[in-house]
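Participant: My file is protein_33.txt. It has compact mmCIF, C-alpha atoms:
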# COMPACT_ATOMS: atom_id res chain seq x y z
CA MET A 1 113.64 26.82 105.09
CA THR A 2 113.95 28.40 101.71
CA SER A 3 111.43 27.36 99.12
CA PRO A 4 112.64 25.88 95.75
CA ARG A 5 110.99 28.80 93.89
CA VAL A 6 113.08 31.38 95.77
CA LEU A 7 116.28 29.41 95.18
CA VAL A 8 115.60 29.36 91.41
CA GLY A 9 115.01 33.10 91.45
CA ARG A 10 118.28 33.84 93.27
CA SER A 11 120.22 31.69 90.82
CA ALA A 12 118.74 33.51 87.84
CA MET A 13 119.71 36.87 89.34
CA LYS A 14 123.31 35.72 89.93
CA ILE A 15 123.59 34.62 86.33
CA LEU A 16 122.22 37.92 85.04
CA LEU A 17 124.42 40.12 87.22
CA TRP A 18 127.67 38.35 86.68
CA ARG A 19 127.43 37.70 82.93
CA PRO A 20 129.71 40.36 81.27
CA ALA A 21 127.67 40.45 78.06
CA ILE A 22 124.73 41.90 79.97
CA TRP A 23 126.87 44.67 81.45
CA ARG A 24 128.32 45.46 78.06
CA GLY A 25 124.81 45.72 76.66
CA LEU A 26 123.69 48.09 79.41
CA LEU A 27 126.76 50.29 78.87
CA ALA A 28 126.11 50.44 75.14
CA ALA A 29 122.48 51.47 75.77
CA VAL A 30 123.57 54.31 78.05
CA LEU A 31 126.12 55.54 75.48
CA LEU A 32 123.53 55.43 72.70
CA ALA A 33 121.05 57.38 74.81
CA THR A 34 123.71 60.00 75.49
CA VAL A 35 124.70 60.37 71.85
CA TRP A 36 121.15 60.52 70.57
CA GLY A 37 119.88 62.56 73.49
CA GLY A 38 122.50 65.32 73.05
CA PRO A 39 121.01 67.13 70.07
CA LEU A 40 117.51 66.77 71.46
CA GLN A 41 118.57 68.42 74.69
CA ALA A 42 120.19 71.34 72.83
CA GLN A 43 117.01 71.95 70.89
CA ASP A 44 115.06 72.18 74.13
CA ALA A 45 117.56 74.52 75.91
CA LYS A 46 116.37 77.96 77.01
CA LEU A 47 118.89 80.42 75.66
CA VAL A 48 119.74 83.40 77.81
CA TYR A 49 121.02 86.74 76.48
CA THR A 50 122.45 89.73 78.24
CA LEU A 51 121.82 93.17 76.78
CA TYR A 52 123.79 96.21 77.88
CA ALA A 53 121.46 99.17 77.54
CA ASP A 54 122.78 102.71 77.94
CA GLY A 55 120.45 105.37 79.25
CA LEU A 56 118.61 103.14 81.73
CA ALA A 57 118.51 105.14 84.92
CA CYS A 58 115.23 104.75 86.80
CA PRO A 59 112.57 102.18 87.60
CA PHE A 60 109.92 103.91 85.45
CA CYS A 61 112.18 103.62 82.38
CA ALA A 62 112.72 99.91 82.95
CA TYR A 63 109.07 99.21 82.15
CA GLY A 64 109.39 100.60 78.61
CA ILE A 65 112.41 98.51 77.67
CA GLU A 66 110.96 95.36 79.23
CA LYS A 67 107.67 95.86 77.36
CA GLN A 68 109.45 96.27 74.02
CA LEU A 69 111.69 93.24 74.57
CA PHE A 70 108.87 91.07 75.87
CA ALA A 71 106.96 91.72 72.65
CA ILE A 72 109.67 89.88 70.65
CA GLU A 73 108.54 86.42 69.58
CA GLY A 74 110.11 83.67 71.64
CA VAL A 75 110.97 85.77 74.69
CA ALA A 76 109.95 84.01 77.90
CA ALA A 77 111.29 86.38 80.55
CA VAL A 78 112.92 89.80 80.79
CA GLU A 79 114.76 91.00 83.84
CA THR A 80 116.38 94.39 84.25
CA ASP A 81 119.21 95.28 86.57
CA LEU A 82 119.46 99.04 86.90
CA LYS A 83 122.77 99.07 88.73
CA THR A 84 124.63 97.26 85.93
CA GLY A 85 122.45 98.63 83.12
CA THR A 86 121.79 95.11 81.89
CA VAL A 87 118.67 93.33 80.72
CA THR A 88 118.65 89.54 80.90
CA ILE A 89 116.40 87.82 78.36
CA THR A 90 115.41 84.18 78.70
CA MET A 91 114.03 82.64 75.52
CA ARG A 92 111.41 79.92 75.20
CA ASP A 93 112.54 76.39 74.33
CA GLY A 94 114.35 76.39 71.02
CA ALA A 95 113.92 80.13 70.36
CA THR A 96 116.84 82.44 69.58
CA LEU A 97 117.32 86.22 69.64
CA ASP A 98 119.12 88.15 66.94
CA GLU A 99 121.06 91.28 67.82
CA PRO A 100 119.35 93.53 65.22
CA VAL A 101 115.95 92.57 66.63
CA ALA A 102 117.10 93.34 70.16
CA ARG A 103 118.65 96.62 69.02
CA THR A 104 115.39 97.72 67.36
CA ALA A 105 113.43 96.99 70.52
CA VAL A 106 115.88 98.83 72.75
CA GLU A 107 115.85 101.83 70.39
CA ALA A 108 112.03 101.84 70.35
CA ALA A 109 112.09 102.08 74.13
CA GLY A 110 114.28 105.15 73.78
CA PHE A 111 117.64 103.66 74.84
CA THR A 112 120.91 102.63 73.20
CA LEU A 113 122.14 99.04 72.90
CA ARG A 114 125.84 99.02 73.78
CA GLY A 115 126.42 95.26 74.05
CA PHE A 116 124.75 91.97 73.27
CA GLU A 117 125.92 88.56 74.39
CA ARG A 118 124.58 85.05 74.69
CA ALA A 119 125.01 84.00 78.27
CA GLY A 120 124.36 80.26 77.78
CA GLY A 121 121.55 77.79 78.39
CA LEU A 122 119.65 76.99 81.52
CA GLU A 123 119.10 73.36 80.64
CA MET B 1 114.28 143.55 90.16
CA THR B 2 114.01 141.30 87.11
CA THR B 3 117.79 140.78 87.11
CA ARG B 4 117.74 139.93 90.79
CA LEU B 5 114.96 137.39 90.22
CA ALA B 6 116.80 135.85 87.28
CA CYS B 7 119.94 135.50 89.42
CA LEU B 8 117.93 133.98 92.25
CA TYR B 9 116.33 131.53 89.80
CA LEU B 10 119.67 130.52 88.32
CA ALA B 11 121.03 130.07 91.82
CA CYS B 12 118.13 127.74 92.59
CA ILE B 13 118.76 125.74 89.42
CA LEU B 14 122.46 125.48 90.22
CA ALA B 15 121.73 124.57 93.81
CA THR B 16 119.41 121.80 92.73
CA SER B 17 121.97 120.60 90.20
CA TRP B 18 124.80 120.52 92.70
CA ALA B 19 122.67 118.86 95.34
CA ALA B 20 123.17 115.90 93.02
CA ALA B 21 120.29 113.12 92.77
CA ALA B 22 116.51 109.55 88.37
CA ARG B 23 114.01 109.97 85.45
CA ALA B 24 110.71 110.33 87.09
CA ALA B 25 109.88 113.72 85.58
CA PRO B 26 108.92 116.91 87.42
CA GLU B 27 105.70 117.54 89.33
CA SER B 28 104.98 121.07 88.22
CA PHE B 29 105.19 120.54 84.42
CA ASN B 30 104.26 117.70 82.08
CA THR B 31 106.56 118.14 79.11
CA ALA B 32 109.34 115.93 80.50
CA LEU B 33 107.17 112.84 81.03
CA PRO B 34 109.07 109.82 79.65
CA VAL B 35 107.13 107.52 77.29
CA ALA B 36 108.46 104.72 75.03
CA GLU B 37 107.20 103.77 71.55
CA GLY B 38 103.73 102.23 71.68
CA GLU B 39 103.51 102.91 75.39
CA PHE B 40 101.04 105.04 77.31
CA VAL B 41 101.65 107.07 80.40
CA PHE B 42 98.76 108.37 82.48
CA ARG B 43 99.14 111.03 85.13
CA GLU B 44 96.41 112.17 87.48
CA GLN B 45 97.18 115.19 89.59
CA PHE B 46 95.14 117.04 92.18
CA ILE B 47 96.07 120.70 92.52
CA LEU B 48 94.80 123.03 95.21
CA ASP B 49 95.61 126.65 94.42
CA GLN B 50 94.99 129.24 97.11
CA SER B 51 95.27 133.00 96.64
CA GLY B 52 94.35 135.28 99.47
CA ALA B 53 96.91 137.99 99.97
CA ASP B 54 94.89 140.76 98.38
CA PRO B 55 96.50 144.20 98.52
CA SER B 56 93.20 145.85 97.52
CA ASP B 57 90.12 146.71 99.62
CA ALA B 58 88.11 143.98 97.89
CA ASP B 59 89.78 141.44 100.20
CA ARG B 60 89.63 138.81 97.47
CA ASP B 61 90.15 135.21 98.45
CA ARG B 62 90.32 132.77 95.56
CA THR B 63 90.43 129.00 95.90
CA ALA B 64 90.78 126.73 92.92
CA TRP B 65 91.14 123.01 92.83
CA VAL B 66 91.92 121.27 89.61
CA LEU B 67 91.98 117.59 88.76
CA VAL B 68 94.38 117.26 85.84
CA SER B 69 94.39 114.07 83.75
CA VAL B 70 97.32 113.67 81.37
CA LEU B 71 97.60 110.91 78.79
CA GLY B 72 100.83 110.51 76.84
CA TYR B 73 101.51 108.13 73.96
CA GLY B 74 104.80 107.25 72.34
CA ALA B 75 104.17 107.46 68.58
CA ASN B 76 107.79 106.38 68.12
CA SER B 77 110.99 106.52 70.11
CA ASP B 78 111.31 110.27 69.50
CA LEU B 79 107.77 111.59 69.11
CA ALA B 80 105.39 111.62 72.05
CA LEU B 81 101.85 112.99 71.96
CA PHE B 82 100.03 114.30 75.01
CA GLY B 83 96.54 115.34 75.99
CA VAL B 84 95.82 117.28 79.18
CA VAL B 85 92.25 117.37 80.50
CA PRO B 86 91.54 119.56 83.55
CA TYR B 87 88.41 119.54 85.70
CA VAL B 88 88.28 122.78 87.63
CA ASP B 89 86.40 124.23 90.55
CA ARG B 90 87.03 127.91 91.21
CA SER B 91 85.64 130.07 93.93
CA LEU B 92 86.20 133.78 94.58
CA ASP B 93 85.19 135.53 97.79
CA ILE B 94 85.07 139.27 97.29
CA THR B 95 83.87 142.28 99.23
CA GLN B 96 81.78 144.63 97.13
CA GLY B 97 80.48 147.64 98.99
CA SER B 98 79.57 146.29 102.42
CA ALA B 99 78.61 142.85 101.14
CA ARG B 100 80.78 139.77 101.02
CA ARG B 101 80.04 137.66 97.96
CA THR B 102 81.14 134.28 96.80
CA ARG B 103 81.29 133.61 93.09
CA SER B 104 82.12 130.17 91.84
CA ALA B 105 82.03 127.82 88.89
CA SER B 106 83.14 124.31 88.13
CA GLY B 107 83.38 122.02 85.16
CA LEU B 108 85.64 120.81 82.39
CA GLY B 109 88.45 123.24 81.74
CA ASP B 110 90.42 123.93 78.60
CA ILE B 111 91.97 120.78 77.12
CA SER B 112 95.55 121.03 75.88
CA VAL B 113 97.18 118.85 73.25
CA PHE B 114 100.86 118.90 72.47
CA GLY B 115 103.63 116.96 70.79
CA ARG B 116 107.23 116.57 71.90
CA TYR B 117 110.03 115.51 69.58
CA THR B 118 113.42 114.42 70.92
CA VAL B 119 116.01 116.09 68.70
CA PHE B 120 119.06 115.15 70.76
CA ARG B 121 119.70 112.02 72.79
CA ARG B 122 122.96 110.81 74.26
CA ASP B 123 123.02 107.68 76.40
CA TRP B 124 125.75 106.38 78.69
CA PRO B 125 125.72 103.51 81.15
CA GLY B 126 123.25 104.56 83.82
CA ARG B 127 122.64 108.06 82.50
CA THR B 128 121.06 109.93 79.63
CA LEU B 129 120.72 113.43 78.21
CA ARG B 130 117.76 114.47 76.06
CA VAL B 131 116.64 117.68 74.48
CA ALA B 132 113.15 117.94 73.06
CA PRO B 133 111.18 120.88 71.73
CA PHE B 134 107.43 120.75 72.09
CA ALA B 135 104.45 122.62 70.71
CA GLY B 136 100.76 122.50 71.39
CA LEU B 137 97.43 124.22 71.62
CA GLU B 138 95.01 124.89 74.44
CA LEU B 139 91.48 124.41 73.14
CA PRO B 140 88.49 126.42 74.36
CA THR B 141 86.64 123.38 75.73
CA GLY B 142 85.75 124.85 79.10
CA ASP B 143 82.69 127.00 79.69
CA ASP B 144 83.57 130.68 79.46
CA ASP B 145 80.10 132.18 79.85
CA GLU B 146 79.08 130.99 83.30
CA THR B 147 76.84 133.35 85.27
CA ASP B 148 75.45 133.60 88.78
CA SER B 149 72.87 135.85 90.45
CA PHE B 150 75.29 138.79 90.16
CA GLY B 151 75.78 138.37 86.44
CA ARG B 152 78.56 136.97 84.29
CA LEU B 153 81.45 135.55 86.27
CA PRO B 154 84.85 137.18 85.91
CA ALA B 155 87.29 135.48 83.54
CA SER B 156 89.47 134.33 86.44
CA VAL B 157 86.59 132.22 87.80
CA GLN B 158 85.33 130.75 84.50
CA PRO B 159 86.34 127.11 83.95
CA GLY B 160 87.50 127.93 80.43
CA SER B 161 89.11 130.86 78.68
CA GLY B 162 87.14 130.64 75.42
CA SER B 163 90.33 131.23 73.46
CA TRP B 164 92.66 129.15 71.29
CA ASP B 165 96.05 129.48 72.89
CA PRO B 166 99.18 128.10 71.20
CA PHE B 167 102.25 127.30 73.26
CA GLY B 168 105.69 125.90 72.70
CA GLY B 169 109.11 125.49 74.21
CA VAL B 170 112.01 123.18 74.79
CA VAL B 171 112.73 120.73 77.59
CA LEU B 172 116.08 119.29 78.62
CA SER B 173 116.44 116.20 80.80
CA TYR B 174 119.62 114.81 82.29
CA GLN B 175 119.25 111.68 84.34
CA THR B 176 121.56 109.40 86.22
CA LEU B 177 120.91 106.53 88.60
CA ASP B 178 121.17 108.95 91.50
CA PHE B 179 119.41 112.06 90.27
CA GLU B 180 117.53 113.74 87.43
CA VAL B 181 117.57 117.35 86.33
CA ASP B 182 114.94 118.82 84.01
CA ALA B 183 114.82 122.33 82.65
CA GLN B 184 112.13 123.86 80.51
CA ALA B 185 111.62 127.15 78.74
CA SER B 186 108.16 127.81 77.34
CA TYR B 187 105.89 130.51 76.00
CA ARG B 188 102.10 130.64 75.78
CA ALA B 189 100.46 133.16 73.48
CA ASN B 190 96.98 133.69 74.85
CA THR B 191 94.41 134.98 72.42
CA LYS B 192 91.26 137.00 72.81
CA ALA B 193 87.78 135.71 73.60
CA ASN B 194 84.71 137.56 74.84
CA ASP B 195 86.57 140.85 74.49
CA PHE B 196 89.07 139.65 77.09
CA GLU B 197 92.61 138.39 76.64
CA PHE B 198 94.77 136.81 79.32
CA GLY B 199 98.35 138.04 79.19
CA ASP B 200 100.94 135.86 77.47
CA VAL B 201 102.95 133.63 79.78
CA ALA B 202 106.69 133.01 79.59
CA ARG B 203 108.22 130.60 82.04
CA LEU B 204 111.45 128.91 83.02
CA ASP B 205 111.15 125.71 85.04
CA GLY B 206 113.81 123.66 86.68
CA ALA B 207 113.47 120.39 88.57
CA LEU B 208 115.70 118.06 90.51
CA GLN B 209 114.83 114.58 91.72
CA TYR B 210 117.35 113.10 94.10
CA ARG B 211 117.26 109.45 95.15
CA LEU B 212 116.84 109.33 98.91
CA TRP B 213 116.17 105.61 99.19
CA PRO B 214 117.57 103.10 98.67
CA ARG B 215 120.89 104.75 99.39
CA GLU B 216 122.77 101.84 97.85
CA LEU B 217 121.42 100.24 94.72
CA GLY B 218 120.81 96.50 94.94
CA SER B 219 120.05 94.18 92.08
CA GLY B 220 116.95 94.27 89.90
CA VAL B 221 114.59 97.24 89.76
CA PRO B 222 113.90 98.47 93.29
CA GLY B 223 111.38 101.23 94.01
CA PHE B 224 113.03 104.66 94.40
CA LEU B 225 112.04 107.38 96.82
CA TYR B 226 113.07 110.76 95.42
CA GLY B 227 113.30 114.07 97.12
CA VAL B 228 112.07 116.72 94.69
CA LEU B 229 113.02 120.37 94.41
CA GLU B 230 111.55 122.45 91.61
CA ALA B 231 111.67 126.12 90.71
CA ASN B 232 109.23 127.96 88.43
CA LEU B 233 109.91 131.46 87.19
CA ILE B 234 106.75 132.77 85.55
CA HIS B 235 106.18 136.07 83.80
CA ARG B 236 102.64 137.06 82.82
CA ASP B 237 101.83 139.98 80.61
CA LYS B 238 98.96 142.19 81.59
CA ASP B 239 95.49 141.02 80.69
CA GLN B 240 93.58 143.07 78.16
CA VAL B 241 89.98 144.12 78.56
CA SER B 242 88.45 145.57 75.39
CA GLY B 243 91.95 146.09 74.02
CA THR B 244 93.16 147.99 77.09
CA ASN B 245 95.78 146.66 79.51
CA ASP B 246 94.51 145.83 82.97
CA PRO B 247 97.03 147.54 85.29
CA ASP B 248 96.14 145.13 88.11
CA SER B 249 97.21 141.97 86.33
CA GLY B 250 100.38 140.17 85.31
CA GLY B 251 103.85 140.33 86.76
CA LEU B 252 106.71 138.08 87.74
CA SER B 253 106.57 135.16 90.19
CA LEU B 254 109.07 132.64 91.44
CA PHE B 255 107.90 129.44 93.10
CA ILE B 256 109.87 126.75 94.82
CA LEU B 257 108.40 123.27 95.14
CA PRO B 258 109.79 120.82 97.65
CA GLY B 259 108.21 117.40 97.30
CA LEU B 260 108.49 113.64 97.31
CA GLN B 261 108.09 110.96 94.64
CA TYR B 262 107.98 107.20 95.03
CA VAL B 263 108.80 105.54 91.74
CA THR B 264 108.33 101.91 90.74
CA LYS B 265 108.42 100.22 87.34
CA ARG B 266 104.68 100.63 86.76
CA TRP B 267 103.54 103.54 88.92
CA ILE B 268 104.58 106.69 90.67
CA VAL B 269 102.99 108.58 93.53
CA GLU B 270 104.04 112.17 94.10
CA THR B 271 103.26 115.18 96.19
CA GLY B 272 104.65 118.65 96.71
CA VAL B 273 103.83 122.20 97.71
CA GLN B 274 104.62 125.19 95.50
CA ILE B 275 105.59 128.09 97.65
CA PRO B 276 105.85 131.60 96.24
CA VAL B 277 109.27 133.01 96.94
CA VAL B 278 108.95 136.21 94.96
CA GLN B 279 105.79 137.82 93.58
CA ASP B 280 106.45 141.05 91.79
CA LEU B 281 102.95 141.60 90.47
CA ASN B 282 101.40 144.62 88.79
CA GLY B 283 99.01 146.88 90.70
CA THR B 284 96.68 144.95 92.94
CA ALA B 285 97.03 141.64 91.09
CA LEU B 286 96.14 138.80 93.46
CA GLU B 287 99.10 137.00 94.93
CA LYS B 288 99.28 133.23 95.40
CA ASP B 289 99.52 131.73 98.86
CA THR B 290 100.43 128.13 98.16
CA ILE B 291 99.75 125.48 95.54
CA PHE B 292 99.45 121.92 96.79
CA ARG B 293 99.99 119.06 94.34
CA ALA B 294 99.43 115.31 94.77
CA GLY B 295 98.98 112.60 92.19
CA PHE B 296 99.99 109.36 90.61
CA ARG B 297 101.26 108.05 87.29
CA LEU B 298 100.83 104.74 85.51
CA ASN B 299 102.75 103.10 82.70
CA PHE B 300 100.84 100.79 80.38
Let me see whether you can do it: turn the structure in this file into structure tokens.
Facilitator:
Amino acid sequence: MTSPRVLVGRSAMKILLWRPAIWRGLLAAVLLATVWGGPLQAQDAKLVYTLYADGLACPFCAYGIEKQLFAIEGVAAVETDLKTGTVTITMRDGATLDEPVARTAVEAAGFTLRGFERAGGLE
Amino acid sequence: MTTRLACLYLACILATSWAAAARAAPESFNTALPVAEGEFVFREQFILDQSGADPSDADRDRTAWVLVSVLGYGANSDLALFGVVPYVDRSLDITQGSARRTRSASGLGDISVFGRYTVFRRDWPGRTLRVAPFAGLELPTGDDDETDSFGRLPASVQPGSGSWDPFGGVVLSYQTLDFEVDAQASYRANTKANDFEFGDVARLDGALQYRLWPRELGSGVPGFLYGVLEANLIHRDKDQVSGTNDPDSGGLSLFILPGLQYVTKRWIVETGVQIPVVQDLNGTALEKDTIFRAGFRLNF
């Protein structure tokens, strides 16, 4: 036998779930969160850059270029791929990398920057 | 003879070049050590130098081991400065009359300082070509007046020369992902100290490092195992004692060094044996048997 208190509760739930105004309100809240959340998410994205460095030809050389690039403010991670001659740079949240800054660092390591591209965000 | 040696040397250089094989720098000379701006490279090398094939009746047998510490610093992307600090232990067994004597000394040797400036650099994807002259000075920091119970030790046993010796040359490096070739031409003008002057030294050095493993490059920065083949053509002038040439000193030598290097991003371990191929020495100048080298390098 169902108690009166449970019956009242079930009725209240039915009213809430089937009233269209409530669904419309929920939908509006989700849309608002998406619109307002968009710019905030972009600000927090970790930007990733790919550098094409000419002259990179052995593991010992990779240390020099990684050290120079890691010293740039905002750089979170540096990863070299010898086979493709590329260096992937992941920035900290909200930080960006300018090509002239990257070029200076690559030159200081004793190599030549052939290409620079923004690969996209991780988040 | 000189022409034949030069041809043999060039053949060795060409052979190493054609054998096709990274920038880890040679084992038998320091001028090609790569160093980026604001970066240090440290090399420690143990060298065991044995000379025993004495054509004279003195039956000389000389053993020298040297611990060489090299520190390089990248002042900028083109200029690198180096300091070379040797610790030496030399011992000479010699028969004088009917007695066999051992004369030895050890201690800090002569420190060298030199600078290298890259005047030409051309980079391509996965390869690079650099040309850099260098110049330096060997300082008389080692003891040159060591004595034992028989008197003052000969100059060849003293830890230091006592003289200020300038040197210079040019080094060329060509490196790809598979191999590296280095070539160096240098000259050392030894000066006089204690009424003795070592002969000037002119040398041509060539080196090849060929990547043995991994055979196929994967992603990232894997460690490389290189096979090393180096050649050193060295000409020494005669030493001078009291202004007079010593007829039993100087001459031309050609060494070949087969070796191995394991190279990672932060460190290198290396070893090799220098074998004399040709020794066209003057008089009864003492020939080398073998020179063993082993060491490591660090980037920081």
Participant: Just need the residues of chain A within 12 Å of chain B, counting all atoms listed in the file, so spit them out as a PyMOL selection string.
Facilitator: chain A and resi 51-69+71+78-88+104-115
Participant: Just to confirm, what's the straight-line distance from CA of Gln96 (chain B) to CA of Ser163 (chain B) in Å (one decimal)?
Facilitator: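 We find that CA of Gln96 (chain B) and CA of Ser163 (chain B) lie 28.5 Å from each other.
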Participant: Can you work out the spacing between CA of Ser156 (chain B) and CA of Phe292 (chain B) in Å, to one decimal?
Facilitator: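 Those two atoms sit 19.0 Å apart.
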Participant: I need the residue nearest Ser56 (chain B) from this list: B:Ile94, B:Val157, B:Ala105, B:Arg203. Use only C-alpha atoms for the distance.
Facilitator: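 Of all the options, B:Ile94 lies closest to Ser56 (chain B).
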Participant: Would you mind telling me which residue in B:Leu212, B:Trp164, B:Ser28, B:Leu233 lies nearest to Val278 (chain B) when using only C-alpha atoms?
Facilitator: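 Among the listed residues, B:Leu233 lies closest to Val278 (chain B).
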Participant: Measuring atom to atom with only C-alpha atoms, identify which of B:Ile234, B:Leu225, B:Leu108, B:Val70 is nearest to Gly142 (chain B).
Facilitator: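 When distances to Gly142 (chain B) are compared using only C-alpha atoms, the smallest one comes from B:Leu108.
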Participant: Can you find the residues with an atom no farther than 9 Å from (91.3, 125.8, 81.6), counting all atoms listed in the file, and report them as a PDB file with C-alpha atoms, in the coordinates of the input?
Facilitator:
ATOM      1  CA  VAL B  85      92.250 117.370  80.500  1.00  0.00           C
ATOM      2  CA  PRO B  86      91.540 119.560  83.550  1.00  0.00           C
ATOM      3  CA  TYR B  87      88.410 119.540  85.700  1.00  0.00           C
ATOM      4  CA  VAL B  88      88.280 122.780  87.630  1.00  0.00           C
ATOM      5  CA  LEU B 108      85.640 120.810  82.390  1.00  0.00           C
ATOM      6  CA  GLY B 109      88.450 123.240  81.740  1.00  0.00           C
ATOM      7  CA  ASP B 110      90.420 123.930  78.600  1.00  0.00           C
ATOM      8  CA  ILE B 111      91.970 120.780  77.120  1.00  0.00           C
ATOM      9  CA  SER B 112      95.550 121.030  75.880  1.00  0.00           C
ATOM     10  CA  GLU B 138      95.010 124.890  74.440  1.00  0.00           C
ATOM     11  CA  LEU B 139      91.480 124.410  73.140  1.00  0.00           C
ATOM     12  CA  PRO B 140      88.490 126.420  74.360  1.00  0.00           C
ATOM     13  CA  THR B 141      86.640 123.380  75.730  1.00  0.00           C
ATOM     14  CA  GLY B 142      85.750 124.850  79.100  1.00  0.00           C
ATOM     15  CA  ASP B 143      82.690 127.000  79.690  1.00  0.00           C
ATOM     16  CA  GLN B 158      85.330 130.750  84.500  1.00  0.00           C
ATOM     17  CA  PRO B 159      86.340 127.110  83.950  1.00  0.00           C
ATOM     18  CA  GLY B 160      87.500 127.930  80.430  1.00  0.00           C
ATOM     19  CA  SER B 161      89.110 130.860  78.680  1.00  0.00           C
ATOM     20  CA  GLY B 162      87.140 130.640  75.420  1.00  0.00           C
TER      21      GLY B 162
END
Participant: Using all atoms listed in the file, find the one residue out of A:Glu99, A:Glu117, A:Ile72, A:Gly94 that sits nearest to Ala45 (chain A).
Facilitator: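 Looking only at the distances to Ala45 (chain A), the closest residue turns out to be A:Gly94.
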Participant: In Å to one decimal, how far is CA of Arg215 (chain B) from CA of Val228 (chain B)?
Facilitator: 15.6 Å
Participant: Mind checking which residues fall within 7 Å of Asp182 (chain B), counting all atoms listed in the file, ignoring those fewer than 3 positions away in the same chain, and posting them as a PyMOL selection string?
Facilitator: chain B and resi 172-174+206-208
